[in-house]
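What follows is the content of target_1.txt, which has compact mmCIF, C-alpha atoms:
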# COMPACT_ATOMS: atom_id res chain seq x y z
CA MET A 1 57.88 7.58 72.32
CA THR A 2 54.53 9.13 73.24
CA ALA A 3 51.60 7.98 71.14
CA PRO A 4 50.07 10.78 69.07
CA ASP A 5 46.78 12.29 70.16
CA ALA A 6 43.90 13.60 68.05
CA ALA A 7 45.55 16.98 67.49
CA ASP A 8 48.78 15.31 66.35
CA LEU A 9 46.87 13.16 63.88
CA ARG A 10 45.02 16.15 62.45
CA ARG A 11 48.35 17.93 61.89
CA ARG A 12 49.86 14.88 60.24
CA THR A 13 46.82 14.54 58.01
CA GLU A 14 47.01 18.21 57.04
CA ASP A 15 50.70 17.73 56.18
CA LEU A 16 49.84 14.70 54.03
CA LEU A 17 47.16 16.63 52.15
CA ALA A 18 49.49 19.60 51.61
CA ALA A 19 52.31 17.42 50.28
CA HIS A 20 50.00 15.27 48.13
CA PRO A 21 46.91 17.28 47.10
CA PRO A 22 44.22 14.71 46.22
CA ALA A 23 43.19 16.62 43.09
CA ASP A 24 46.73 16.49 41.71
CA THR A 25 47.88 13.07 42.94
CA ALA A 26 47.14 9.67 41.44
CA PRO A 27 44.98 7.65 43.86
CA THR A 28 47.53 4.86 44.28
CA ASP A 29 50.34 7.35 44.92
CA PHE A 30 48.21 9.10 47.54
CA LEU A 31 47.47 5.81 49.29
CA LYS A 32 51.16 4.90 49.34
CA ALA A 33 51.99 8.29 50.84
CA ARG A 34 49.24 7.86 53.42
CA PHE A 35 50.60 4.45 54.40
CA ASP A 36 54.13 5.80 54.71
CA ALA A 37 52.85 8.66 56.88
CA GLY A 38 51.40 6.16 59.35
CA LEU A 39 47.82 7.16 58.60
CA ALA A 40 46.61 3.92 56.99
CA TRP A 41 45.67 2.15 60.24
CA VAL A 42 46.96 4.36 63.05
CA HIS A 43 47.02 1.56 65.65
CA PHE A 44 49.57 -0.45 63.64
CA PRO A 45 53.27 -0.03 64.50
CA ALA A 46 55.27 2.85 63.09
CA GLY A 47 56.74 1.91 59.72
CA LEU A 48 53.90 -0.50 58.99
CA GLY A 49 51.19 1.99 58.11
CA GLY A 50 50.59 3.16 61.66
CA LEU A 51 51.85 5.29 64.53
CA ASP A 52 51.19 3.08 67.57
CA ALA A 53 48.20 5.31 68.29
CA PRO A 54 44.89 4.25 69.88
CA ARG A 55 42.69 2.50 67.35
CA SER A 56 39.80 4.78 68.25
CA LEU A 57 41.65 7.73 66.69
CA GLN A 58 41.43 6.27 63.19
CA SER A 59 38.12 8.10 62.82
CA VAL A 60 39.94 11.44 63.24
CA VAL A 61 42.12 10.72 60.21
CA ASP A 62 39.24 9.28 58.18
CA ALA A 63 37.06 12.34 58.80
CA GLU A 64 39.81 14.78 57.71
CA LEU A 65 40.53 12.81 54.55
CA ALA A 66 36.85 12.42 53.68
CA ALA A 67 36.35 16.18 54.04
CA ALA A 68 39.21 16.72 51.59
CA ASP A 69 37.70 14.18 49.14
CA ALA A 70 40.89 12.13 49.33
CA PRO A 71 41.00 8.70 47.66
CA ASP A 72 40.56 5.62 49.81
CA ASN A 73 41.03 1.90 49.29
CA ASP A 74 38.00 -0.24 48.46
CA PRO A 75 37.07 -2.97 50.98
CA ARG A 76 34.67 -4.42 48.40
CA ARG A 77 37.74 -5.43 46.38
CA ILE A 78 40.42 -6.02 49.02
CA GLY A 79 38.31 -6.78 52.08
CA ILE A 80 39.94 -10.17 52.72
CA GLY A 81 43.37 -8.58 52.78
CA LEU A 82 42.28 -5.69 55.00
CA GLY A 83 40.03 -7.57 57.39
CA MET A 84 41.70 -10.97 57.63
CA ALA A 85 45.22 -11.23 56.22
CA ALA A 86 46.57 -7.96 57.63
CA PRO A 87 45.68 -8.50 61.32
CA THR A 88 46.95 -12.08 61.13
CA ILE A 89 50.25 -11.04 59.57
CA LEU A 90 50.59 -8.32 62.19
CA ALA A 91 49.97 -10.81 65.01
CA TYR A 92 52.10 -13.71 63.77
CA GLY A 93 54.27 -12.51 60.90
CA THR A 94 58.01 -12.00 61.01
CA ASP A 95 59.37 -8.49 60.57
CA GLU A 96 60.27 -9.38 56.98
CA GLN A 97 56.75 -10.67 56.26
CA LYS A 98 55.16 -7.52 57.68
CA ARG A 99 57.40 -5.26 55.58
CA ARG A 100 56.82 -7.31 52.43
CA PHE A 101 53.04 -7.77 52.55
CA LEU A 102 51.27 -5.02 54.49
CA ARG A 103 51.90 -1.99 52.27
CA PRO A 104 50.83 -3.47 48.89
CA LEU A 105 47.91 -5.14 50.67
CA TRP A 106 46.59 -1.89 52.11
CA VAL A 107 47.20 0.15 48.96
CA GLY A 108 45.36 -2.46 46.88
CA ASP A 109 48.28 -3.41 44.66
CA GLU A 110 47.86 -7.04 45.74
CA VAL A 111 44.52 -8.76 46.27
CA TRP A 112 44.24 -11.58 48.82
CA CYS A 113 41.98 -14.59 49.15
CA GLN A 114 41.41 -17.24 51.83
CA LEU A 115 42.16 -20.94 51.28
CA PHE A 116 40.45 -22.45 54.32
CA SER A 117 37.21 -24.34 53.52
CA GLU A 118 37.30 -27.68 51.72
CA PRO A 119 34.64 -29.97 50.22
CA GLY A 120 34.95 -32.22 53.28
CA ALA A 121 35.77 -29.54 55.85
CA GLY A 122 33.39 -26.62 55.90
CA SER A 123 31.62 -26.24 59.21
CA ASP A 124 34.20 -28.58 60.76
CA LEU A 125 37.15 -26.69 59.33
CA ALA A 126 39.72 -28.43 61.55
CA ALA A 127 38.98 -31.69 59.69
CA LEU A 128 40.71 -30.30 56.58
CA ALA A 129 42.65 -32.76 54.42
CA THR A 130 44.92 -30.54 52.30
CA ARG A 131 48.46 -31.73 53.06
CA ALA A 132 51.69 -29.81 53.34
CA VAL A 133 54.78 -32.01 53.40
CA ARG A 134 58.28 -30.71 53.95
CA ASP A 135 60.75 -31.26 51.11
CA GLU A 136 63.84 -32.27 53.04
CA THR A 137 65.95 -32.91 49.94
CA GLY A 138 65.32 -29.77 47.92
CA GLU A 139 64.93 -31.90 44.79
CA HIS A 140 61.18 -31.78 44.28
CA ALA A 141 60.84 -28.84 41.91
CA GLY A 142 64.13 -28.60 40.08
CA GLU A 143 65.78 -25.18 40.09
CA ARG A 144 63.02 -23.64 42.25
CA SER A 145 63.39 -26.23 44.99
CA GLY A 146 64.84 -25.62 48.40
CA ALA A 147 65.33 -27.93 51.36
CA GLY A 148 62.75 -27.11 53.99
CA ASP A 149 60.12 -25.85 51.54
CA TRP A 150 56.59 -27.24 51.80
CA ILE A 151 54.83 -29.18 49.05
CA VAL A 152 51.07 -28.68 49.20
CA ASN A 153 48.35 -30.85 47.67
CA GLY A 154 44.61 -30.56 48.14
CA GLN A 155 41.41 -28.76 47.22
CA LYS A 156 39.80 -25.62 48.66
CA VAL A 157 36.34 -24.27 47.97
CA TRP A 158 34.15 -21.14 48.35
CA THR A 159 37.22 -18.99 47.76
CA SER A 160 36.10 -15.41 47.21
CA SER A 161 38.21 -13.41 44.73
CA ALA A 162 40.63 -16.27 44.01
CA HIS A 163 40.42 -15.29 40.32
CA LEU A 164 41.85 -11.87 41.24
CA ALA A 165 44.20 -12.77 44.06
CA ARG A 166 47.97 -12.50 44.10
CA TRP A 167 48.28 -14.08 47.56
CA ALA A 168 46.27 -16.42 49.74
CA ILE A 169 46.18 -17.25 53.41
CA LEU A 170 46.21 -21.05 53.57
CA ILE A 171 45.90 -23.69 56.26
CA ALA A 172 47.07 -27.24 55.59
CA ARG A 173 47.69 -30.40 57.55
CA THR A 174 51.34 -30.93 58.36
CA ASP A 175 51.03 -33.84 60.81
CA PRO A 176 48.19 -36.37 60.33
CA ASN A 177 49.33 -38.27 63.44
CA LEU A 178 48.12 -35.50 65.75
CA PRO A 179 44.51 -34.64 66.66
CA LYS A 180 42.91 -32.51 64.00
CA HIS A 181 43.33 -29.13 65.73
CA ARG A 182 47.03 -29.70 66.49
CA GLY A 183 48.43 -30.93 63.21
CA ILE A 184 47.72 -27.82 61.10
CA SER A 185 50.09 -25.09 59.91
CA TYR A 186 49.38 -21.70 58.37
CA PHE A 187 51.00 -20.44 55.17
CA ILE A 188 51.01 -17.60 52.66
CA CYS A 189 50.50 -19.06 49.19
CA ASP A 190 51.47 -17.39 45.91
CA MET A 191 48.41 -17.76 43.69
CA THR A 192 50.53 -17.36 40.55
CA ASP A 193 52.70 -20.38 41.33
CA PRO A 194 52.63 -23.55 39.20
CA GLY A 195 50.11 -26.07 40.49
CA VAL A 196 47.50 -23.50 41.58
CA GLU A 197 44.32 -23.92 39.50
CA VAL A 198 41.30 -21.67 40.04
CA ARG A 199 37.87 -22.73 38.75
CA PRO A 200 34.74 -20.56 38.99
CA LEU A 201 31.69 -21.55 41.04
CA ARG A 202 28.56 -20.04 39.52
CA GLN A 203 26.13 -18.75 42.12
CA ILE A 204 22.37 -18.28 42.25
CA THR A 205 22.98 -14.67 41.13
CA GLY A 206 24.53 -15.94 37.89
CA GLU A 207 28.00 -14.63 38.62
CA ALA A 208 31.05 -16.48 39.94
CA GLU A 209 32.28 -14.46 42.88
CA PHE A 210 33.42 -17.70 44.55
CA ASN A 211 35.85 -20.29 43.26
CA GLU A 212 37.27 -23.70 43.95
CA VAL A 213 41.05 -23.98 44.03
CA PHE A 214 43.08 -27.09 43.28
CA LEU A 215 46.62 -27.31 44.66
CA THR A 216 48.95 -29.80 42.97
CA ASP A 217 52.54 -29.99 44.23
CA VAL A 218 52.50 -26.29 45.05
CA ARG A 219 55.79 -25.23 46.59
CA ILE A 220 55.65 -22.79 49.51
CA PRO A 221 58.91 -21.55 51.06
CA ASP A 222 59.14 -22.01 54.81
CA ALA A 223 59.71 -18.25 54.96
CA HIS A 224 56.02 -17.93 54.02
CA ARG A 225 54.82 -19.83 57.07
CA LEU A 226 52.92 -17.80 59.69
CA GLY A 227 53.40 -18.99 63.26
CA PRO A 228 55.04 -22.22 64.46
CA VAL A 229 54.63 -25.53 62.66
CA GLY A 230 51.55 -27.28 64.02
CA ASP A 231 50.13 -24.10 65.56
CA GLY A 232 48.08 -23.14 62.51
CA TRP A 233 44.71 -23.56 64.19
CA LYS A 234 45.59 -20.87 66.73
CA VAL A 235 46.67 -18.55 63.90
CA ALA A 236 43.54 -19.41 61.91
CA ARG A 237 41.30 -18.50 64.86
CA THR A 238 42.80 -15.02 64.80
CA THR A 239 41.88 -14.79 61.11
CA LEU A 240 38.36 -16.10 61.69
CA MET A 241 37.61 -13.75 64.58
CA ASN A 242 38.78 -10.78 62.53
CA GLU A 243 36.74 -12.03 59.55
CA ARG A 244 33.53 -12.07 61.57
CA VAL A 245 34.11 -8.57 62.88
CA SER A 246 34.93 -7.28 59.39
CA ILE A 247 31.74 -8.84 57.98
CA GLY A 248 29.30 -8.09 60.78
CA GLY A 249 30.87 -5.01 62.32
CA ALA A 250 31.78 -2.85 59.33
CA ARG A 251 31.56 0.88 60.04
CA LEU A 252 28.31 2.18 58.57
CA PRO A 253 26.35 5.43 58.73
CA ARG A 254 22.76 5.39 59.94
CA GLU A 255 20.68 3.52 57.34
CA GLY A 256 23.86 2.10 55.89
CA GLY A 257 23.85 -1.41 54.51
CA MET A 258 20.74 -3.30 53.40
CA ILE A 259 18.28 -1.18 55.40
CA GLY A 260 19.12 1.88 53.26
CA PRO A 261 17.58 0.89 49.91
CA VAL A 262 14.32 -0.40 51.38
CA SER A 263 13.97 2.71 53.56
CA ARG A 264 14.43 4.94 50.50
CA THR A 265 11.86 2.95 48.57
CA TRP A 266 9.39 3.32 51.44
CA ARG A 267 9.79 7.10 51.47
CA GLU A 268 9.73 7.55 47.70
CA ARG A 269 6.95 5.06 46.78
CA PRO A 270 4.00 5.67 49.14
CA GLU A 271 1.71 3.66 46.87
CA LEU A 272 3.54 0.49 47.92
CA ARG A 273 2.96 0.91 51.63
CA THR A 274 0.79 -1.32 53.79
CA HIS A 275 0.32 -1.32 57.55
CA GLU A 276 1.80 -4.82 57.94
CA LEU A 277 4.93 -3.95 55.93
CA HIS A 278 5.26 -0.71 57.89
CA GLN A 279 5.42 -2.59 61.18
CA ARG A 280 8.00 -5.01 59.83
CA LEU A 281 10.11 -2.20 58.40
CA LEU A 282 10.07 -0.32 61.71
CA THR A 283 11.16 -3.44 63.58
CA LEU A 284 14.00 -4.18 61.16
CA TRP A 285 15.09 -0.53 61.07
CA VAL A 286 15.46 -0.54 64.86
CA GLU A 287 17.30 -3.87 64.81
CA ALA A 288 19.66 -2.63 62.09
CA GLU A 289 20.42 0.49 64.13
CA VAL A 290 21.04 -1.60 67.25
CA ALA A 291 23.41 -3.82 65.26
CA ARG A 292 25.21 -0.76 63.87
CA LEU A 293 25.72 0.74 67.34
CA THR A 294 26.78 -2.62 68.75
CA GLY A 295 29.38 -2.84 66.01
CA GLU A 296 30.69 0.59 66.95
CA ARG A 297 30.97 -0.48 70.58
CA LEU A 298 32.83 -3.64 69.58
CA ARG A 299 35.29 -1.61 67.51
CA GLN A 300 35.94 0.58 70.56
CA GLN A 301 36.68 -2.56 72.58
CA LEU A 302 39.10 -3.66 69.87
CA ALA A 303 41.07 -0.49 70.53
CA VAL A 304 42.61 -2.25 73.52
CA GLY A 305 42.77 -5.86 72.29
CA ARG A 306 42.17 -8.44 69.61
CA PRO A 307 38.73 -9.61 68.49
CA GLY A 308 37.04 -12.14 70.71
CA PRO A 309 34.07 -14.44 70.21
CA GLU A 310 31.67 -11.48 70.44
CA GLY A 311 32.26 -10.86 66.74
CA SER A 312 30.42 -14.10 66.02
CA GLY A 313 27.26 -12.54 67.47
CA LEU A 314 27.59 -9.56 65.17
CA LYS A 315 28.08 -11.76 62.14
CA LEU A 316 24.99 -13.78 63.12
CA SER A 317 22.97 -10.59 63.31
CA PHE A 318 24.35 -9.38 59.97
CA ALA A 319 23.22 -12.54 58.18
CA ARG A 320 19.75 -12.65 59.71
CA LEU A 321 19.06 -8.96 59.16
CA ASN A 322 20.25 -9.00 55.55
CA GLN A 323 18.00 -11.92 54.70
CA GLU A 324 14.95 -10.51 56.48
CA ILE A 325 15.44 -6.99 55.08
CA SER A 326 15.95 -8.20 51.52
CA GLY A 327 12.86 -10.40 51.83
CA LEU A 328 10.83 -7.42 53.02
CA GLU A 329 12.13 -5.33 50.11
CA VAL A 330 11.01 -7.93 47.56
CA GLU A 331 7.55 -8.03 49.14
CA LEU A 332 7.34 -4.24 49.17
CA LEU A 333 8.21 -3.98 45.47
CA GLY A 334 5.92 -6.82 44.40
CA ASP A 335 6.60 -7.98 40.86
CA GLU A 336 9.38 -5.39 40.52
CA GLY A 337 11.24 -7.06 43.36
CA LEU A 338 11.70 -10.21 41.33
CA LEU A 339 13.43 -8.42 38.46
CA TYR A 340 17.14 -9.00 38.03
CA ASP A 341 18.62 -7.60 34.86
CA ASP A 342 21.74 -9.66 34.24
CA TRP A 343 22.13 -13.40 34.66
CA THR A 344 25.34 -13.39 32.63
CA MET A 345 28.08 -15.67 33.88
CA ARG A 346 30.78 -13.22 34.98
CA ARG A 347 33.59 -13.03 37.51
CA PRO A 348 33.15 -9.76 39.39
CA GLU A 349 35.93 -7.65 40.82
CA LEU A 350 33.77 -6.21 43.61
CA VAL A 351 31.37 -7.64 46.18
CA ASP A 352 28.57 -5.07 46.46
CA PHE A 353 25.51 -5.98 48.55
CA THR A 354 23.68 -2.68 48.27
CA GLY A 355 24.54 -1.10 44.92
CA ARG A 356 22.47 -3.50 42.84
CA GLU A 357 18.76 -4.15 42.29
CA ALA A 358 16.47 -5.69 44.92
CA GLY A 359 16.40 -9.09 43.17
CA TYR A 360 20.18 -9.34 43.37
CA ARG A 361 20.21 -8.37 47.06
CA TYR A 362 17.59 -10.99 47.85
CA LEU A 363 19.51 -13.77 46.10
CA ARG A 364 22.98 -12.75 47.29
CA SER A 365 21.94 -12.45 50.94
CA LYS A 366 21.21 -16.18 51.02
CA GLY A 367 24.95 -16.76 51.26
CA ASN A 368 25.36 -14.49 54.28
CA SER A 369 24.44 -17.26 56.72
CA ILE A 370 27.14 -19.54 55.26
CA GLU A 371 30.15 -17.37 54.42
CA GLY A 372 32.45 -16.35 57.26
CA GLY A 373 31.20 -19.22 59.39
CA THR A 374 27.78 -20.83 59.21
CA SER A 375 25.14 -19.47 61.53
CA GLU A 376 24.91 -22.86 63.25
CA VAL A 377 28.63 -22.85 64.09
CA LEU A 378 28.47 -19.24 65.27
CA LEU A 379 25.52 -20.03 67.56
CA ASN A 380 27.70 -22.67 69.22
CA ILE A 381 30.54 -20.16 69.63
CA VAL A 382 28.25 -17.58 71.20
CA ALA A 383 26.70 -20.19 73.49
CA GLU A 384 30.00 -21.64 74.68
CA ARG A 385 32.43 -18.71 74.63
CA VAL A 386 30.18 -15.73 75.31
CA LEU A 387 27.35 -17.15 77.43
CA GLY A 388 29.47 -19.81 79.11
CA LEU A 389 27.07 -22.68 78.37
CA PRO A 390 28.37 -26.27 78.41
CA ALA A 391 30.12 -27.34 75.23
CA GLU A 392 28.59 -29.97 73.03
CA PRO A 393 30.08 -33.41 73.73
CA ARG A 394 32.79 -34.39 71.25
CA ASP A 395 34.68 -37.64 70.96
CA ASP A 396 37.17 -36.64 68.24
CA LYS A 397 39.31 -33.96 69.91
CA ASP A 398 42.03 -36.34 71.15
CA VAL A 399 42.01 -38.77 68.21
CA ALA A 400 44.73 -38.59 65.56
CA TRP A 401 43.38 -37.04 62.36
CA LYS A 402 44.43 -40.08 60.31
CA ASP A 403 42.19 -42.28 62.46
CA LEU A 404 39.04 -40.19 62.09
CA ALA A 405 36.18 -41.56 60.02
CA ARG A 406 35.78 -39.70 56.72
Would you mind giving the structure from this file in structure tokens?
Amino acid sequence: MTAPDAADLRRRTEDLLAAHPPADTAPTDFLKARFDAGLAWVHFPAGLGGLDAPRSLQSVVDAELAAADAPDNDPRRIGIGLGMAAPTILAYGTDEQKRRFLRPLWVGDEVWCQLFSEPGAGSDLAALATRAVRDETGEHAGERSGAGDWIVNGQKVWTSSAHLARWAILIARTDPNLPKHRGISYFICDMTDPGVEVRPLRQITGEAEFNEVFLTDVRIPDAHRLGPVGDGWKVARTTLMNERVSIGGARLPREGGMIGPVSRTWRERPELRTHELHQRLLTLWVEAEVARLTGERLRQQLAVGRPGPEGSGLKLSFARLNQEISGLEVELLGDEGLLYDDWTMRRPELVDFTGREAGYRYLRSKGNSIEGGTSEVLLNIVAERVLGLPAEPRDDKDVAWKDLAR
């Protein structure tokens, strides 16, 4: 079957709009129809929201739908599902898993979270201690038990949107006798199952966007395992590389992201301007535009392959620029920049870096150099896997996890 070209996609989009006029169709129903028409992510396989088309042609569909004011999903709410779970399920999931999870994920019916980091395994994620043990008898959980299921115990932390999530991507240790990278398996965890406890972590902004998650005898069917047993680190690397691209390489218009609000303030409030701030703003504006164009180039490269370590460079740039831009904005606004109108403890449904006041942006950006991989870890990845520099010496790669000092 020949892959559709731009003209084919325009026709298909026109047919979708004619059959489901956005003004007369509920947003969720329109998104389901779009998925079924193969126009959700055109590079995915037919029947799974795509048409086996070149990834670069997604912009053709997006432009037609935007012109028609059609509803879209909201990455601020379901970004983990879109940017991390979906590409991992596509790469490693069974046909049944792909059919079950991808449509409600893309439509937004089911929110996802990520159960990776632990209190003792953050930057060194492969040192994780959460255990998954196979229940060979099928007697562990009464009527819900099944031989071959996995029983999971442990603690995860910094889990964005866990308080909203229906599903989680989870890595756990299945063989402590192997070196830490080789004894891990990757699972899909039902966040509504008994034994899953979500507790809020209040941030410097006052809200609890993050959570810690405690797993006590949580039963996961083997049918919800992604990839082979013991190959979870390889699967997790696919997730992490996609995460860094989705964070650092999001599609933005010119002056999109953090540079937008401070640029508008500069134009609209001439009384705040100084020569020194002008020079800093010009420098950051250029760097933000370079980062935006670099992200576009990386997405074009992804049209013919999976994300590589280059995404770590983009995520590094994203964190540094956000923190420097938000700092400049606070300086520009003076006393106004310190104002933040709501310190109420709340558990938000959206992660919005730019739609809030300057004080919020300044505080929230402090987490950008930690989430999605710390900047220190990403510098190592860029050095070793992009620049080809010698790796740091390590003496724990061939030692069984159970023998490592903790």
Min atom-atom distance to Phe35 in chain A from the set A:Trp106, A:Gly334, A:Gly227, A:Leu57, counting only C-alpha atoms, belongs to A:Trp106
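Of the listed residues A:Gly38, A:Pro75, A:Pro393, A:Pro348, the one whose atoms come nearest to Asp8 in chain A is A:Gly38, with distances taken using all atoms listed in the file.
Minimum atom-to-atom distance to Val213 in chain A, evaluated using all atoms listed in the file, belongs to A:Cys113 out of A:Leu252, A:Ala53, A:Cys113, A:Ala3.
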Worksheet item: Neighbours of Val111 in chain A within 6 Å (all atoms listed in the file; same-chain residues fewer than 2 positions away dropped), as a ChimeraX atom specification?
Response: /A:78,165-166
Taken to one decimal, the CA of Val198 in chain A-CA of Pro119 in chain A distance is 14.7 Å
